[in-house]
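Heads up: the structure comes next, in structure tokens.
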Amino acid sequence: MAPSELPAVDGPAPIAPPVAHARFAIGDVVRHRMFDFRGVIFDVDPVFANSDEWYDAIPEHIRPRKDQPFYHLLAENMESSYVAYVSQQNLVPDDSDEPVDHPAISGLFTGYADGRYALKREHRH
């Protein structure tokens, strides 16, 4: 079909979401600004990409904006290791220079140096 034969689209053109810039990268070790846990970033969403139920479960007075990067962390606290989903506004760099003790790290990363982990070659794209 030639471009002149394409059907007309009614309404305004779609609007792209604002581009959010990630402050942290995969492999960075970060700490939560309010809660006592830290972790290594293994994925980044440019804006919120979790369920509405998850978001609505956050108390409104501390609920983060959705229009910012959200990070998937292999996280740890004094009691356990787990996966966390955290907004950029709630993360700060971890300056402890201590590795993160999470059982899934060896499956995704090769080594720890200078406060960050190197992603295994097979997980890069």
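Ligands are numbered from 1 in the order shown, chains are lettered A, B, ... in the order of the structure tokens, and residues start at 1 in each chain.
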
Shell of 7 Å around stretch 33-37 of chain A, only C-alpha atoms, local chain residues under 2 positions omitted, as a list in words: Arg31, Gly39, Ala75, Glu76, Asn77, Asn90, Leu91 and Val92 of chain A

Limited to N, CA and C atoms, could you put the picked residues into a file as a PDB file, in the first residue's frame?
ATOM      1  N   ARG A  31      22.123   2.589  48.145  1.00  0.00           N
ATOM      2  CA  ARG A  31      21.483   2.454  49.452  1.00  0.00           C
ATOM      3  C   ARG A  31      20.148   3.198  49.383  1.00  0.00           C
ATOM      4  N   GLY A  39      21.786  -2.438  47.866  1.00  0.00           N
ATOM      5  CA  GLY A  39      21.750  -3.468  46.844  1.00  0.00           C
ATOM      6  C   GLY A  39      22.512  -3.074  45.601  1.00  0.00           C
ATOM      7  N   ALA A  75      18.876  -6.902  46.664  1.00  0.00           N
ATOM      8  CA  ALA A  75      18.985  -6.120  47.896  1.00  0.00           C
ATOM      9  C   ALA A  75      19.281  -6.990  49.107  1.00  0.00           C
ATOM     10  N   GLU A  76      19.800  -6.328  50.149  1.00  0.00           N
ATOM     11  CA  GLU A  76      20.065  -7.001  51.418  1.00  0.00           C
ATOM     12  C   GLU A  76      19.842  -6.022  52.557  1.00  0.00           C
ATOM     13  N   ASN A  77      19.423  -6.594  53.683  1.00  0.00           N
ATOM     14  CA  ASN A  77      19.410  -5.852  54.938  1.00  0.00           C
ATOM     15  C   ASN A  77      20.010  -6.769  55.990  1.00  0.00           C
ATOM     16  N   ASN A  90      14.614   7.745  45.814  1.00  0.00           N
ATOM     17  CA  ASN A  90      14.866   7.091  47.089  1.00  0.00           C
ATOM     18  C   ASN A  90      16.205   6.356  47.156  1.00  0.00           C
ATOM     19  N   LEU A  91      17.056   6.568  46.178  1.00  0.00           N
ATOM     20  CA  LEU A  91      18.367   5.907  46.186  1.00  0.00           C
ATOM     21  C   LEU A  91      19.494   6.922  46.275  1.00  0.00           C
ATOM     22  N   VAL A  92      20.544   6.511  46.968  1.00  0.00           N
ATOM     23  CA  VAL A  92      21.787   7.284  47.046  1.00  0.00           C
ATOM     24  C   VAL A  92      22.942   6.306  46.808  1.00  0.00           C
TER      25      VAL A  92
END

DSSP on the backbone, alpha helix (DSSP H) only: what residues of chain A does that give? Format it as an MDAnalysis selection string. chainID A and resid 52:56 105:108

Straight-line distance linking atom CA of A:Phe48 with atom CA of A:Lys66, stated in Å to one decimal: 4.9 Å

Per DSSP on the backbone, what are the strand (DSSP E) residues of stretch 23-105 of chain A, as a PyMOL selection string? chain A and resi 29-32+38-45+70-76+81-87+91-93

Requested write-out: C-alpha atoms of the selected residues, as a PDB file, in the first residue's frame:
ATOM      1  CA  VAL A  29      25.799  -0.387  44.550  1.00  0.00           C
ATOM      2  CA  VAL A  30      23.193   1.894  46.119  1.00  0.00           C
ATOM      3  CA  ARG A  31      21.483   2.454  49.452  1.00  0.00           C
ATOM      4  CA  HIS A  32      17.843   3.352  50.142  1.00  0.00           C
ATOM      5  CA  ARG A  38      21.335  -1.590  50.084  1.00  0.00           C
ATOM      6  CA  GLY A  39      21.750  -3.468  46.844  1.00  0.00           C
ATOM      7  CA  VAL A  40      23.220  -3.794  43.391  1.00  0.00           C
ATOM      8  CA  ILE A  41      21.222  -2.581  40.376  1.00  0.00           C
ATOM      9  CA  PHE A  42      20.458  -5.292  37.830  1.00  0.00           C
ATOM     10  CA  ASP A  43      17.815  -3.558  35.683  1.00  0.00           C
ATOM     11  CA  VAL A  44      16.433  -0.053  35.092  1.00  0.00           C
ATOM     12  CA  ASP A  45      12.964   1.059  33.994  1.00  0.00           C
ATOM     13  CA  PHE A  70      12.871   2.835  38.850  1.00  0.00           C
ATOM     14  CA  TYR A  71      15.603   0.325  39.642  1.00  0.00           C
ATOM     15  CA  HIS A  72      15.536  -3.426  40.206  1.00  0.00           C
ATOM     16  CA  LEU A  73      17.962  -4.304  43.004  1.00  0.00           C
ATOM     17  CA  LEU A  74      19.463  -7.466  44.405  1.00  0.00           C
ATOM     18  CA  ALA A  75      18.985  -6.120  47.896  1.00  0.00           C
ATOM     19  CA  GLU A  76      20.065  -7.001  51.418  1.00  0.00           C
ATOM     20  CA  SER A  81      18.376 -10.944  50.787  1.00  0.00           C
ATOM     21  CA  TYR A  82      15.584 -10.123  48.341  1.00  0.00           C
ATOM     22  CA  VAL A  83      14.704  -8.276  45.127  1.00  0.00           C
ATOM     23  CA  ALA A  84      13.566  -4.652  45.507  1.00  0.00           C
ATOM     24  CA  TYR A  85      11.994  -2.132  43.112  1.00  0.00           C
ATOM     25  CA  VAL A  86      12.981   1.413  44.064  1.00  0.00           C
ATOM     26  CA  SER A  87      12.453   4.894  42.622  1.00  0.00           C
ATOM     27  CA  LEU A  91      18.367   5.907  46.186  1.00  0.00           C
ATOM     28  CA  VAL A  92      21.787   7.284  47.046  1.00  0.00           C
ATOM     29  CA  PRO A  93      25.218   5.903  46.163  1.00  0.00           C
TER      30      PRO A  93
END

Determine, for each residue of stretch 45-102 of chain A having at least one atom at most 9 Å from an atom of stretch 112-118 of chain A, the closest pair of atoms and their separation in Å to one decimal, counting only C-alpha atoms; order by chain and ascending number, as JSON lines.
{"residue": "A:Asp94", "atom": "CA", "partner": "A:Gly115", "partner_atom": "CA", "distance": 7.8}
{"residue": "A:Asp95", "atom": "CA", "partner": "A:Gly115", "partner_atom": "CA", "distance": 7.4}
{"residue": "A:Ser96", "atom": "CA", "partner": "A:Gly115", "partner_atom": "CA", "distance": 8.1}
{"residue": "A:Asp97", "atom": "CA", "partner": "A:Gly115", "partner_atom": "CA", "distance": 5.3}
{"residue": "A:Glu98", "atom": "CA", "partner": "A:Gly115", "partner_atom": "CA", "distance": 7.4}
{"residue": "A:Pro99", "atom": "CA", "partner": "A:Tyr112", "partner_atom": "CA", "distance": 6.7}

Restricting it to all heavy atoms, dump the selection as a PDB file, in the first residue's frame.
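Below you can see out.pdb, which holds the result:
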ATOM      1  N   ASP A  94      26.044   4.058  47.490  1.00  0.00           N
ATOM      2  CA  ASP A  94      26.555   3.421  48.710  1.00  0.00           C
ATOM      3  C   ASP A  94      28.065   3.629  48.724  1.00  0.00           C
ATOM      4  O   ASP A  94      28.760   3.208  47.803  1.00  0.00           O
ATOM      5  CB  ASP A  94      26.229   1.935  48.711  1.00  0.00           C
ATOM      6  CG  ASP A  94      26.751   1.261  49.961  1.00  0.00           C
ATOM      7  OD1 ASP A  94      26.125   1.421  51.020  1.00  0.00           O
ATOM      8  OD2 ASP A  94      27.792   0.592  49.880  1.00  0.00           O
ATOM      9  N   ASP A  95      28.572   4.288  49.749  1.00  0.00           N
ATOM     10  CA  ASP A  95      30.002   4.595  49.798  1.00  0.00           C
ATOM     11  C   ASP A  95      30.753   3.703  50.788  1.00  0.00           C
ATOM     12  O   ASP A  95      31.871   4.004  51.175  1.00  0.00           O
ATOM     13  CB  ASP A  95      30.236   6.071  50.103  1.00  0.00           C
ATOM     14  CG  ASP A  95      29.590   6.512  51.402  1.00  0.00           C
ATOM     15  OD1 ASP A  95      29.045   5.665  52.142  1.00  0.00           O
ATOM     16  OD2 ASP A  95      29.623   7.716  51.686  1.00  0.00           O
ATOM     17  N   SER A  96      30.145   2.574  51.165  1.00  0.00           N
ATOM     18  CA  SER A  96      30.783   1.693  52.145  1.00  0.00           C
ATOM     19  C   SER A  96      31.940   0.900  51.547  1.00  0.00           C
ATOM     20  O   SER A  96      32.784   0.389  52.277  1.00  0.00           O
ATOM     21  CB  SER A  96      29.761   0.715  52.725  1.00  0.00           C
ATOM     22  OG  SER A  96      29.379  -0.241  51.751  1.00  0.00           O
ATOM     23  N   ASP A  97      31.985   0.766  50.225  1.00  0.00           N
ATOM     24  CA  ASP A  97      32.987  -0.033  49.516  1.00  0.00           C
ATOM     25  C   ASP A  97      32.930  -1.504  49.932  1.00  0.00           C
ATOM     26  O   ASP A  97      33.910  -2.224  49.827  1.00  0.00           O
ATOM     27  CB  ASP A  97      34.389   0.539  49.696  1.00  0.00           C
ATOM     28  CG  ASP A  97      35.312   0.129  48.549  1.00  0.00           C
ATOM     29  OD1 ASP A  97      34.807  -0.059  47.417  1.00  0.00           O
ATOM     30  OD2 ASP A  97      36.517  -0.027  48.789  1.00  0.00           O
ATOM     31  N   GLU A  98      31.762  -1.951  50.420  1.00  0.00           N
ATOM     32  CA  GLU A  98      31.537  -3.350  50.793  1.00  0.00           C
ATOM     33  C   GLU A  98      30.722  -4.022  49.698  1.00  0.00           C
ATOM     34  O   GLU A  98      29.763  -3.444  49.188  1.00  0.00           O
ATOM     35  CB  GLU A  98      30.752  -3.426  52.104  1.00  0.00           C
ATOM     36  CG  GLU A  98      31.479  -2.861  53.295  1.00  0.00           C
ATOM     37  CD  GLU A  98      32.600  -3.780  53.772  1.00  0.00           C
ATOM     38  OE1 GLU A  98      32.455  -5.004  53.655  1.00  0.00           O
ATOM     39  OE2 GLU A  98      33.622  -3.249  54.235  1.00  0.00           O
ATOM     40  N   PRO A  99      31.070  -5.257  49.331  1.00  0.00           N
ATOM     41  CA  PRO A  99      30.243  -5.967  48.344  1.00  0.00           C
ATOM     42  C   PRO A  99      28.872  -6.305  48.933  1.00  0.00           C
ATOM     43  O   PRO A  99      28.701  -6.344  50.150  1.00  0.00           O
ATOM     44  CB  PRO A  99      31.048  -7.234  48.053  1.00  0.00           C
ATOM     45  CG  PRO A  99      31.970  -7.399  49.202  1.00  0.00           C
ATOM     46  CD  PRO A  99      32.220  -6.030  49.776  1.00  0.00           C
TER      47      PRO A  99
END
